[in-house]
Amino acid sequence: MEGLGINLPTLLAQLINFTILLLILYFAAYKPILKMLDQRSTKIKESMEQAEAIKQQTVNTEKEIKAQLDTARKEGLKLVEQSSLMGEKLKEEAKKEARQEAENLVAKAKIEISRERDETIEQLRKEFINVAVSAAEKVIEQSLDKEKHRHIIEEVLKENPVLKKS
């Protein structure tokens with residue numbers, strides 16, 4: 001082998017050195033690097049699982065929020081509808097009250113008109129009696145007993161269906 005330029009004792013020494021170097025590198029560098037890579041791989045895997053869990057939690061939270069928003073919207077629409085119905089009810093009650101008030105005013109006005117009519121008729125009756133007594137005095141050309149004749153005229157008016165008191 002020496003013809004090839006290979007020295008066996010040097011080759012063996014180099015092989016032993018190379019093997020020792022490989023063993024040193026294996027225990028000193030390769031195992032710690034593998035351990036570090038395994039740890040890093042585990043951390044990445046855990047991070048991915050956490051990210052997936054967070055993603056799932058986010059989806060669930062979004063669903064819950066959407067459900068709550070739908071519920072709130074439905075409740076809002078319900079409140080608007082109730083408010084609208086209440087407004088209509090109040091409007092109807094106000095109309096009814098106004099109508100009742102108007103009817104009361106009309107009834108009071110009718111009573112007042114009737115009272116004023118009765119007073120006017122009574123005044124006309126008194127005036128008519130006074131005019132009739134005055135006319136009778138002039139016709140007879142003598143003074144009559146006004147109270148006696150007033151009583152007679154009132155009796156005639158009471159008996160007359162057209163001039164009767166209401």
# chains A, B, ... in the order shown; residues from 1 in each chain; ligands from 1

$ residues_around --residues "Arg125 in chain A" --least-positions-apart "2" --cutoff "10 Å" --atoms "only C-alpha atoms" --output "list of chain:residue names"
A:Glu119, A:Thr120, A:Ile121, A:Glu122, A:Gln123, A:Glu127, A:Phe128, A:Ile129, A:Asn130, A:Val131, A:Ile153, A:Glu154, A:Leu157, A:Leu163, A:Lys164, A:Lys165

$ atom_distance --atom1 "CA of Arg73 in chain A" --atom2 "CA of Met86 in chain A"
19.6 Å

$ atom_distance --atom1 "CA of Glu147 in chain A" --atom2 "CA of Ser134 in chain A"
12.2 Å

$ atom_distance --atom1 "CA of Phe27 in chain A" --atom2 "CA of Thr42 in chain A"
21.6 Å
